[in-house]
>>> print(open('protein21.cif').read())   # mmCIF, C-alpha atoms
data_structure
#
loop_
_atom_site.label_atom_id
_atom_site.label_comp_id
_atom_site.auth_asym_id
_atom_site.auth_seq_id
_atom_site.Cartn_x
_atom_site.Cartn_y
_atom_site.Cartn_z
CA MET A 39 16.22 15.49 -15.52
CA ASN A 40 15.17 14.76 -19.11
CA PRO A 41 14.56 11.00 -19.33
CA SER A 42 14.70 9.10 -22.62
CA MET A 43 11.63 9.00 -24.86
CA ASP A 44 11.07 5.31 -24.07
CA VAL A 45 11.10 5.87 -20.29
CA ALA A 46 8.95 9.00 -20.64
CA LEU A 47 6.30 7.21 -22.71
CA LYS A 48 6.18 4.24 -20.33
CA SER A 49 5.76 6.63 -17.38
CA ILE A 50 3.05 8.67 -19.14
CA VAL A 51 1.07 5.55 -20.10
CA GLY A 52 1.50 4.19 -16.56
CA ALA A 53 0.35 7.41 -14.89
CA TYR A 54 -2.68 7.95 -17.13
CA SER A 55 -3.65 4.27 -16.79
CA VAL A 56 -3.55 4.52 -12.99
CA ILE A 57 -5.93 7.50 -13.07
CA PHE A 58 -8.45 5.92 -15.46
CA ALA A 59 -8.22 2.51 -13.75
CA GLY A 60 -8.79 4.15 -10.35
CA ILE A 61 -11.87 6.03 -11.57
CA PHE A 62 -13.18 2.94 -13.37
CA VAL A 63 -12.86 0.75 -10.26
CA PHE A 64 -14.54 3.43 -8.13
CA VAL A 65 -17.48 3.74 -10.56
CA TRP A 66 -17.76 -0.04 -10.95
CA LEU A 67 -17.86 -0.61 -7.17
CA MET A 68 -20.33 2.25 -6.70
CA PHE A 69 -22.79 0.95 -9.30
CA GLY A 70 -22.37 -2.62 -8.04
CA ARG A 71 -23.27 -1.44 -4.54
CA GLN A 72 -26.19 0.59 -5.86
CA ARG A 73 -27.66 -2.45 -7.67
CA LYS A 74 -27.25 -4.61 -4.55
CA LEU A 75 -28.88 -1.96 -2.33
CA GLU A 76 -31.80 -1.41 -4.70
CA LYS A 77 -32.48 -5.16 -4.67
CA LYS A 78 -32.33 -5.20 -0.88
CA LEU A 79 -34.57 -2.13 -0.67
CA ASP A 80 -37.22 -3.78 -2.87
CA GLN A 81 -37.06 -6.89 -0.68
CA LEU A 82 -37.44 -4.85 2.51
CA ARG A 83 -40.38 -2.90 1.05
CA GLU A 84 -41.99 -6.19 0.09
CA ASP A 85 -41.49 -7.53 3.63
CA LEU A 86 -43.03 -4.39 5.11
CA ARG A 87 -45.98 -4.51 2.74
CA GLU A 88 -46.67 -8.01 3.96
CA GLN A 89 -46.42 -6.80 7.58
CA GLY A 90 -48.51 -3.69 6.81
CA GLY A 91 -45.78 -1.32 8.11
CA PRO A 92 -44.33 1.94 6.68
CA GLN A 93 -43.02 1.83 3.10
CA GLY A 94 -39.81 3.77 3.73
CA ARG A 95 -38.84 7.40 4.21
CA MET B 299 -31.04 14.77 -15.04
CA THR B 300 -28.22 17.04 -13.84
CA ARG B 301 -26.23 13.94 -12.95
CA GLN B 302 -26.69 12.51 -16.45
CA MET B 303 -25.63 15.84 -17.95
CA LEU B 304 -22.46 15.82 -15.83
CA ALA B 305 -21.70 12.24 -16.91
CA ILE B 306 -22.17 13.06 -20.61
CA LEU B 307 -20.19 16.30 -20.32
CA SER B 308 -17.26 14.56 -18.63
CA MET B 309 -17.28 11.83 -21.33
CA ILE B 310 -17.06 14.58 -23.97
CA MET B 311 -14.41 16.54 -22.08
CA ILE B 312 -11.99 13.65 -21.39
CA PRO B 313 -10.88 13.29 -25.07
CA VAL B 314 -10.58 17.10 -25.26
CA ALA B 315 -8.34 17.11 -22.17
CA LEU B 316 -6.25 14.27 -23.64
CA TYR B 317 -5.91 16.21 -26.90
CA CYS B 318 -4.78 19.32 -25.02
CA ALA B 319 -2.28 17.33 -22.92
CA PHE B 320 -0.71 15.38 -25.81
CA VAL B 321 -1.17 17.51 -28.94
CA TYR B 322 -1.99 21.11 -28.05
CA ALA B 323 0.53 21.60 -25.23
CA PRO B 324 4.16 22.02 -26.34
CA THR B 325 6.94 19.76 -25.08
CA GLU B 326 8.44 21.30 -21.98
CA ALA B 327 12.08 22.39 -22.45
CA THR B 328 13.69 21.03 -19.27
CA MET B 329 11.85 17.76 -18.59
CA GLY B 330 10.73 16.81 -22.08
CA GLN B 331 7.78 14.46 -22.70
CA ILE B 332 7.48 13.21 -19.13
CA GLN B 333 6.18 16.62 -18.07
CA ARG B 334 2.85 15.65 -19.73
CA ILE B 335 2.00 13.67 -16.56
CA PHE B 336 1.57 17.13 -14.96
CA TYR B 337 -1.70 17.79 -16.91
CA PHE B 338 -3.50 14.97 -15.11
CA HIS B 339 -1.45 14.85 -11.88
CA VAL B 340 -2.24 18.46 -10.88
CA PRO B 341 -6.06 18.12 -11.26
CA GLN B 342 -5.90 14.94 -9.13
CA ALA B 343 -4.11 16.92 -6.41
CA ILE B 344 -6.61 19.81 -6.69
CA LEU B 345 -9.49 17.33 -6.30
CA SER B 346 -7.86 15.72 -3.26
CA TYR B 347 -7.78 19.23 -1.72
CA THR B 348 -11.39 19.80 -2.83
CA SER B 349 -12.43 16.58 -1.08
CA ALA B 350 -10.72 17.68 2.13
CA ILE B 351 -12.33 21.15 1.97
CA LEU B 352 -15.78 19.65 1.34
CA LEU B 353 -15.24 17.10 4.11
CA GLY B 354 -14.19 19.80 6.59
CA LEU B 355 -16.98 22.23 5.68
CA ALA B 356 -19.66 19.53 5.63
CA SER B 357 -18.44 18.33 9.06
CA LEU B 358 -18.70 21.88 10.37
CA MET B 359 -22.19 22.30 8.89
CA TYR B 360 -23.24 19.02 10.51
CA LEU B 361 -22.10 20.24 13.93
CA ILE B 362 -23.93 23.56 13.45
CA LYS B 363 -27.16 22.31 11.88
CA GLY B 364 -27.29 18.71 13.11
CA ASP B 365 -28.71 17.66 9.73
CA LEU B 366 -27.50 14.22 8.58
CA LYS B 367 -27.42 15.35 4.93
CA TRP B 368 -24.15 17.18 5.79
CA ASP B 369 -22.69 14.02 7.27
CA ARG B 370 -23.68 12.17 4.09
CA MET B 371 -21.88 14.77 1.99
CA ALA B 372 -18.85 14.56 4.28
CA TYR B 373 -18.33 10.81 4.00
CA CYS B 374 -19.03 10.77 0.25
CA SER B 375 -16.38 13.45 -0.35
CA ALA B 376 -13.97 11.56 1.95
CA GLU B 377 -14.39 8.47 -0.25
CA LEU B 378 -13.52 10.52 -3.32
CA GLY B 379 -10.66 11.95 -1.31
CA VAL B 380 -9.17 8.46 -0.94
CA LEU B 381 -9.42 7.92 -4.71
CA PHE B 382 -7.87 11.24 -5.72
CA THR B 383 -5.13 11.21 -3.07
CA VAL B 384 -4.07 7.73 -4.22
CA THR B 385 -4.01 8.78 -7.91
CA THR B 386 -2.09 11.97 -6.99
CA LEU B 387 0.55 10.04 -5.06
CA ILE B 388 0.95 7.25 -7.63
CA THR B 389 1.17 9.58 -10.65
CA GLY B 390 3.65 11.74 -8.71
CA MET B 391 5.79 8.70 -7.93
CA ILE B 392 5.71 7.55 -11.57
CA TRP B 393 6.94 11.03 -12.58
CA ALA B 394 9.54 11.20 -9.79
CA HIS B 395 11.25 7.87 -10.49
CA PRO B 396 12.94 8.83 -13.79
CA VAL B 397 13.28 12.54 -12.92
CA TRP B 398 14.50 12.43 -9.29
CA ASN B 399 15.91 8.90 -9.51
CA THR B 400 13.77 7.84 -6.55
CA TRP B 401 10.10 6.88 -6.09
CA TRP B 402 9.68 8.86 -2.90
CA GLU B 403 11.21 11.80 -1.04
CA PHE B 404 10.08 12.75 2.45
CA ASP B 405 9.68 16.42 1.64
CA ALA B 406 6.82 18.48 3.06
CA ARG B 407 4.48 18.42 0.02
CA LEU B 408 4.65 14.65 -0.48
CA THR B 409 4.42 13.83 3.23
CA LEU B 410 1.45 16.15 3.75
CA GLU B 411 -0.34 14.61 0.76
CA LEU B 412 0.30 11.15 2.20
CA MET B 413 -1.02 12.38 5.56
CA LEU B 414 -4.13 13.69 3.83
CA GLY B 415 -4.72 10.25 2.31
CA LEU B 416 -4.24 8.61 5.69
CA LEU B 417 -6.72 11.07 7.24
CA PHE B 418 -9.35 10.06 4.65
CA VAL B 419 -8.69 6.37 5.37
CA GLY B 420 -8.71 7.01 9.15
CA TYR B 421 -12.03 8.83 8.78
CA HIS B 422 -13.62 5.74 7.20
CA MET B 423 -11.96 3.35 9.69
CA LEU B 424 -13.37 5.35 12.61
CA ARG B 425 -16.85 5.35 11.06
CA ALA B 426 -16.69 1.59 10.53
CA TYR B 427 -16.19 1.08 14.28
CA LEU B 428 -19.12 3.29 15.35
CA PRO B 429 -22.47 1.56 14.84
CA GLU B 430 -24.68 4.40 16.14
CA ARG B 431 -25.49 6.88 13.34
CA GLU B 432 -25.39 10.13 15.35
CA SER B 433 -22.20 9.40 17.29
CA ARG B 434 -20.56 8.15 14.07
CA ALA B 435 -21.38 11.46 12.40
CA ARG B 436 -20.32 13.59 15.38
CA LEU B 437 -17.01 11.89 16.25
CA SER B 438 -15.78 11.54 12.67
CA THR B 439 -15.92 15.35 12.24
CA VAL B 440 -12.53 15.45 14.05
CA PHE B 441 -10.89 13.82 11.01
CA GLY B 442 -12.79 16.22 8.77
CA PHE B 443 -11.24 19.22 10.53
CA LEU B 444 -7.76 17.67 10.44
CA ALA B 445 -8.10 17.08 6.68
CA LEU B 446 -9.26 20.69 6.22
CA LEU B 447 -6.27 21.91 8.24
CA ASP B 448 -3.88 19.85 6.07
CA VAL B 449 -4.90 21.68 2.85
CA PRO B 450 -3.43 25.19 3.40
CA ILE B 451 -0.24 23.79 4.96
CA ASN B 452 0.07 21.31 2.07
CA TYR B 453 -0.47 24.04 -0.53
CA LEU B 454 1.93 26.51 1.09
CA SER B 455 4.58 23.88 1.88
CA THR B 456 6.51 24.52 -1.36
CA TYR B 457 6.83 28.19 -0.36
CA LEU B 458 7.49 27.60 3.34
CA TRP B 459 10.19 24.94 3.13
CA GLU B 460 13.02 24.13 0.74
CA GLN B 461 12.10 20.93 -1.08
CA HIS B 462 12.26 18.79 -4.21
CA HIS B 463 8.66 19.26 -5.39
CA PRO B 464 8.55 21.61 -8.42
CA ARG B 465 7.12 25.08 -7.92
CA LEU B 466 5.60 26.47 -11.11
CA TYR B 467 3.10 29.12 -10.01
CA GLY B 468 3.17 31.76 -7.29
CA PRO B 469 6.21 33.42 -5.67
CA GLY B 470 9.48 31.84 -6.84
CA GLY B 471 7.74 29.80 -9.55
CA GLY B 472 8.94 30.13 -13.12
CA GLY B 473 5.48 30.32 -14.70
CA ALA B 474 4.56 28.44 -17.86
CA ASP B 475 3.84 28.81 -21.56
CA PRO B 476 0.21 30.00 -22.16
CA ALA B 477 -0.53 26.73 -24.04
CA ILE B 478 0.61 24.73 -20.99
CA ASN B 479 -1.68 26.84 -18.79
CA ILE B 480 -4.64 26.29 -21.14
CA ALA B 481 -4.04 22.50 -21.28
CA LEU B 482 -3.87 22.41 -17.48
CA LEU B 483 -7.04 24.50 -17.18
CA VAL B 484 -8.95 22.23 -19.59
CA SER B 485 -7.94 19.06 -17.74
CA THR B 486 -8.75 20.67 -14.37
CA ILE B 487 -12.23 21.65 -15.61
CA THR B 488 -12.71 18.13 -17.06
CA PHE B 489 -11.82 16.42 -13.80
CA GLY B 490 -13.89 19.00 -11.91
CA ILE B 491 -16.97 17.99 -13.92
CA LEU B 492 -16.17 14.29 -13.42
CA TYR B 493 -15.75 14.93 -9.69
CA ALA B 494 -19.15 16.67 -9.51
CA TYR B 495 -20.73 13.67 -11.24
CA LEU B 496 -19.01 11.11 -8.97
CA LEU B 497 -19.95 13.06 -5.84
CA THR B 498 -23.63 13.51 -6.75
CA GLN B 499 -23.89 9.85 -7.81
CA ARG B 500 -22.20 8.68 -4.59
CA ILE B 501 -24.59 10.85 -2.52
CA ALA B 502 -27.54 9.23 -4.35
CA VAL B 503 -26.18 5.77 -3.41
CA ALA B 504 -25.66 6.96 0.18
CA ARG B 505 -29.35 7.94 0.37
CA ILE B 506 -30.32 4.40 -0.65
CA GLU B 507 -27.89 2.99 1.96
CA GLU B 508 -29.59 5.06 4.66
CA GLU B 509 -33.07 4.02 3.55
CA VAL B 510 -32.02 0.35 3.65
CA GLU B 511 -30.53 0.88 7.13
CA TYR B 512 -33.77 2.51 8.31
CA LEU B 513 -36.05 -0.16 6.83
CA GLU B 514 -33.89 -2.94 8.29
CA GLN B 515 -34.46 -1.44 11.76
CA VAL B 516 -38.22 -1.17 11.10
CA VAL B 517 -38.40 -4.79 9.92
CA GLN B 518 -36.45 -5.97 13.00
CA VAL B 519 -38.91 -4.09 15.30
#
>>> encode(input="protein21.cif", output="structure tokens")
Amino acid sequence: MNPSMDVALKSIVGAYSVIFAGIFVFVWLMFGRQRKLEKKLDQLREDLREQGGPQGR
Amino acid sequence: MTRQMLAILSMIMIPVALYCAFVYAPTEATMGQIQRIFYFHVPQAILSYTSAILLGLASLMYLIKGDLKWDRMAYCSAELGVLFTVTTLITGMIWAHPVWNTWWEFDARLTLELMLGLLFVGYHMLRAYLPERESRARLSTVFGFLALLDVPINYLSTYLWEQHHPRLYGPGGGGADPAINIALLVSTITFGILYAYLLTQRIAVARIEEEVEYLEQVVQV
């Protein structure tokens, strides 16, 4: 029930690392996607400007 | 502006929560140091429930109002649901291995949390197979309601059935030292602020996704 200090510390570091790594990966993927989409959006707006269509919603 | 404030506030609060978990909170008498996983594991579980509640309510609002902004909120909270269910399960397993001598027990709380995670994943899998925006939004609400239904059963499972998962608060729970409660409250508030930031930021990205989808259709026409 009461594991040794060494095991406890390893488990604590592991658990907290999983949480921060998970959040970091989520944020990294989200911002990566946002940058890619913004680039694509600018390209599409440019294409529409050339066609003389609507500029988005 | 609000989003930036939430980001800054969560950056400030994370060291405070770590301080409370490792310095302010006393060492628990029965489990010793390993109990400190609890201060971050419990907020992850609360946020997985929050995601399911938001997903279910936003799905309901979409069916009532027919406004796609509710569908957007639903799938953004389901994405966060995947993240927080995974962190809840993994941190729980890391705690369980030295304490229970096993990584996993099929008791009600753990199984229902796993089911909740699978419902979030199933929600996104279903959406990926439905190309039409309206039908995608309408049909995926089923998973939203199932996730919402999972939450009260999951929460009450420790009171309804005999199981391994510790019960600290509520009927039959032993309660905790006030310092433990404060440390848990601080880390829950911290992760709540971080969650609010992640959700609002994800919704902002979802708006761009929808605009790109719309303009792609216009360009094709």
>>> interface_residues(input="protein21.cif", of="chain A", to="chain B", cutoff="8 Å", atoms="all atoms listed in the file", output="PyMOL selection string")
chain A and resi 39-41+43+45-47+49-50+52-54+56-57+60-61+64-65+68+71-72+75-76+78-79+82-83+85-86+94-95
>>> atom_distance(input="protein21.cif", atom1="CA of Pro313 (chain B)", atom2="CA of Thr498 (chain B)")
22.3 Å
>>> residues_around(input="protein21.cif", residues="Asp405 (chain B)", least_positions_apart="4", cutoff="10 Å", atoms="all atoms listed in the file", output="VMD selection string")
chain B and resid 409 to 410 455 to 456 459 to 463
>>> resolve_selection(input="protein21.cif", expression="the PyMOL selection byres ((chain B and resi 411) around 10)", output="list in words")
Ala343, Ser346, Tyr347, Thr383, Val384, Thr386, Leu387, Ala406, Arg407, Leu408, Thr409, Leu410, Leu412, Met413, Leu414, Gly415, Leu416, Leu417, Asp448, Val449, Asn452 and Tyr453 of chain B
>>> atom_distance(input="protein21.cif", atom1="CA of Leu352 (chain B)", atom2="CA of Ile487 (chain B)")
17.4 Å
>>> atom_distance(input="protein21.cif", atom1="CA of Leu454 (chain B)", atom2="CA of Gly379 (chain B)")
19.4 Å
>>> decode(input="protein21.cif", residues="region 47-95 of chain A", atoms="N, CA and C atoms", output="short mmCIF file (atom, residue, chain, number, x, y, z; two decimals), in the first residue's frame")
data_model
loop_
_atom_site.label_atom_id
_atom_site.label_comp_id
_atom_site.auth_asym_id
_atom_site.auth_seq_id
_atom_site.Cartn_x
_atom_site.Cartn_y
_atom_site.Cartn_z
N LEU A 47 8.58 8.15 -6.28
CA LEU A 47 9.09 9.29 -7.05
C LEU A 47 9.05 9.02 -8.55
N LYS A 48 9.44 7.80 -8.93
CA LYS A 48 9.39 7.43 -10.35
C LYS A 48 7.95 7.53 -10.87
N SER A 49 6.99 7.04 -10.08
CA SER A 49 5.59 7.08 -10.49
C SER A 49 5.08 8.51 -10.58
N ILE A 50 5.46 9.35 -9.61
CA ILE A 50 5.00 10.75 -9.61
C ILE A 50 5.55 11.47 -10.85
N VAL A 51 6.86 11.31 -11.09
CA VAL A 51 7.47 11.97 -12.26
C VAL A 51 6.81 11.46 -13.54
N GLY A 52 6.58 10.14 -13.61
CA GLY A 52 5.94 9.55 -14.80
C GLY A 52 4.55 10.13 -15.02
N ALA A 53 3.74 10.18 -13.96
CA ALA A 53 2.36 10.65 -14.08
C ALA A 53 2.30 12.12 -14.49
N TYR A 54 3.11 12.96 -13.83
CA TYR A 54 3.09 14.39 -14.14
C TYR A 54 3.64 14.64 -15.54
N SER A 55 4.63 13.83 -15.96
CA SER A 55 5.18 13.99 -17.31
C SER A 55 4.14 13.65 -18.37
N VAL A 56 3.36 12.60 -18.11
CA VAL A 56 2.31 12.20 -19.07
C VAL A 56 1.32 13.35 -19.27
N ILE A 57 0.93 13.98 -18.17
CA ILE A 57 -0.05 15.07 -18.25
C ILE A 57 0.52 16.24 -19.06
N PHE A 58 1.73 16.68 -18.70
CA PHE A 58 2.30 17.84 -19.40
C PHE A 58 2.65 17.51 -20.85
N ALA A 59 3.13 16.28 -21.09
CA ALA A 59 3.44 15.88 -22.47
C ALA A 59 2.15 15.84 -23.30
N GLY A 60 1.08 15.31 -22.73
CA GLY A 60 -0.20 15.23 -23.43
C GLY A 60 -0.70 16.62 -23.82
N ILE A 61 -0.66 17.54 -22.86
CA ILE A 61 -1.13 18.91 -23.13
C ILE A 61 -0.22 19.58 -24.16
N PHE A 62 1.09 19.36 -24.04
CA PHE A 62 2.04 19.97 -24.97
C PHE A 62 1.78 19.47 -26.40
N VAL A 63 1.60 18.17 -26.56
CA VAL A 63 1.36 17.61 -27.90
C VAL A 63 0.05 18.16 -28.47
N PHE A 64 -0.98 18.25 -27.63
CA PHE A 64 -2.27 18.79 -28.07
C PHE A 64 -2.11 20.22 -28.58
N VAL A 65 -1.43 21.05 -27.78
CA VAL A 65 -1.24 22.46 -28.14
C VAL A 65 -0.39 22.58 -29.41
N TRP A 66 0.66 21.78 -29.49
CA TRP A 66 1.56 21.81 -30.64
C TRP A 66 0.81 21.45 -31.93
N LEU A 67 0.01 20.37 -31.87
CA LEU A 67 -0.77 19.95 -33.04
C LEU A 67 -1.80 21.01 -33.41
N MET A 68 -2.42 21.61 -32.39
CA MET A 68 -3.46 22.61 -32.64
C MET A 68 -2.88 23.84 -33.33
N PHE A 69 -1.74 24.33 -32.84
CA PHE A 69 -1.14 25.52 -33.45
C PHE A 69 -0.56 25.20 -34.84
N GLY A 70 -0.04 23.98 -35.00
CA GLY A 70 0.46 23.55 -36.31
C GLY A 70 -0.67 23.56 -37.33
N ARG A 71 -1.82 23.04 -36.92
CA ARG A 71 -2.99 23.00 -37.79
C ARG A 71 -3.49 24.42 -38.10
N GLN A 72 -3.48 25.26 -37.08
CA GLN A 72 -3.93 26.64 -37.27
C GLN A 72 -3.06 27.37 -38.31
N ARG A 73 -1.74 27.20 -38.19
CA ARG A 73 -0.82 27.85 -39.15
C ARG A 73 -1.09 27.35 -40.56
N LYS A 74 -1.27 26.03 -40.70
CA LYS A 74 -1.51 25.43 -42.02
C LYS A 74 -2.83 25.95 -42.61
N LEU A 75 -3.85 26.04 -41.76
CA LEU A 75 -5.17 26.51 -42.22
C LEU A 75 -5.13 27.97 -42.62
N GLU A 76 -4.42 28.77 -41.84
CA GLU A 76 -4.34 30.21 -42.15
C GLU A 76 -3.65 30.43 -43.50
N LYS A 77 -2.63 29.62 -43.77
CA LYS A 77 -1.93 29.69 -45.06
C LYS A 77 -2.89 29.35 -46.19
N LYS A 78 -3.64 28.25 -45.97
CA LYS A 78 -4.58 27.78 -46.97
C LYS A 78 -5.69 28.81 -47.21
N LEU A 79 -6.13 29.42 -46.11
CA LEU A 79 -7.20 30.43 -46.18
C LEU A 79 -6.73 31.63 -47.00
N ASP A 80 -5.51 32.08 -46.76
CA ASP A 80 -4.95 33.20 -47.54
C ASP A 80 -4.89 32.85 -49.02
N GLN A 81 -4.48 31.61 -49.30
CA GLN A 81 -4.37 31.15 -50.69
C GLN A 81 -5.74 31.14 -51.35
N LEU A 82 -6.75 30.63 -50.62
CA LEU A 82 -8.11 30.56 -51.17
C LEU A 82 -8.67 31.96 -51.40
N ARG A 83 -8.41 32.87 -50.48
CA ARG A 83 -8.88 34.26 -50.63
C ARG A 83 -8.24 34.90 -51.85
N GLU A 84 -6.97 34.60 -52.05
CA GLU A 84 -6.23 35.12 -53.20
C GLU A 84 -6.85 34.60 -54.50
N ASP A 85 -7.15 33.28 -54.51
CA ASP A 85 -7.77 32.65 -55.69
C ASP A 85 -9.11 33.30 -56.00
N LEU A 86 -9.88 33.55 -54.93
CA LEU A 86 -11.22 34.14 -55.13
C LEU A 86 -11.12 35.59 -55.61
N ARG A 87 -10.14 36.30 -55.09
CA ARG A 87 -9.94 37.69 -55.52
C ARG A 87 -9.66 37.73 -57.02
N GLU A 88 -8.87 36.76 -57.46
CA GLU A 88 -8.55 36.69 -58.89
C GLU A 88 -9.79 36.36 -59.72
N GLN A 89 -10.66 35.50 -59.12
CA GLN A 89 -11.91 35.13 -59.82
C GLN A 89 -13.00 36.18 -59.66
N GLY A 90 -12.83 37.10 -58.69
CA GLY A 90 -13.83 38.12 -58.41
C GLY A 90 -15.02 37.60 -57.63
N GLY A 91 -14.84 36.52 -56.84
CA GLY A 91 -15.91 35.91 -56.05
C GLY A 91 -15.96 36.47 -54.64
N PRO A 92 -16.77 35.82 -53.74
CA PRO A 92 -16.85 36.30 -52.35
C PRO A 92 -15.53 36.08 -51.61
N GLN A 93 -15.28 36.90 -50.61
CA GLN A 93 -14.01 36.86 -49.88
C GLN A 93 -14.08 36.05 -48.58
N GLY A 94 -15.09 35.23 -48.44
CA GLY A 94 -15.23 34.43 -47.22
C GLY A 94 -16.43 34.87 -46.43
N ARG A 95 -16.69 34.13 -45.33
CA ARG A 95 -17.88 34.44 -44.51
C ARG A 95 -17.57 35.48 -43.47
#
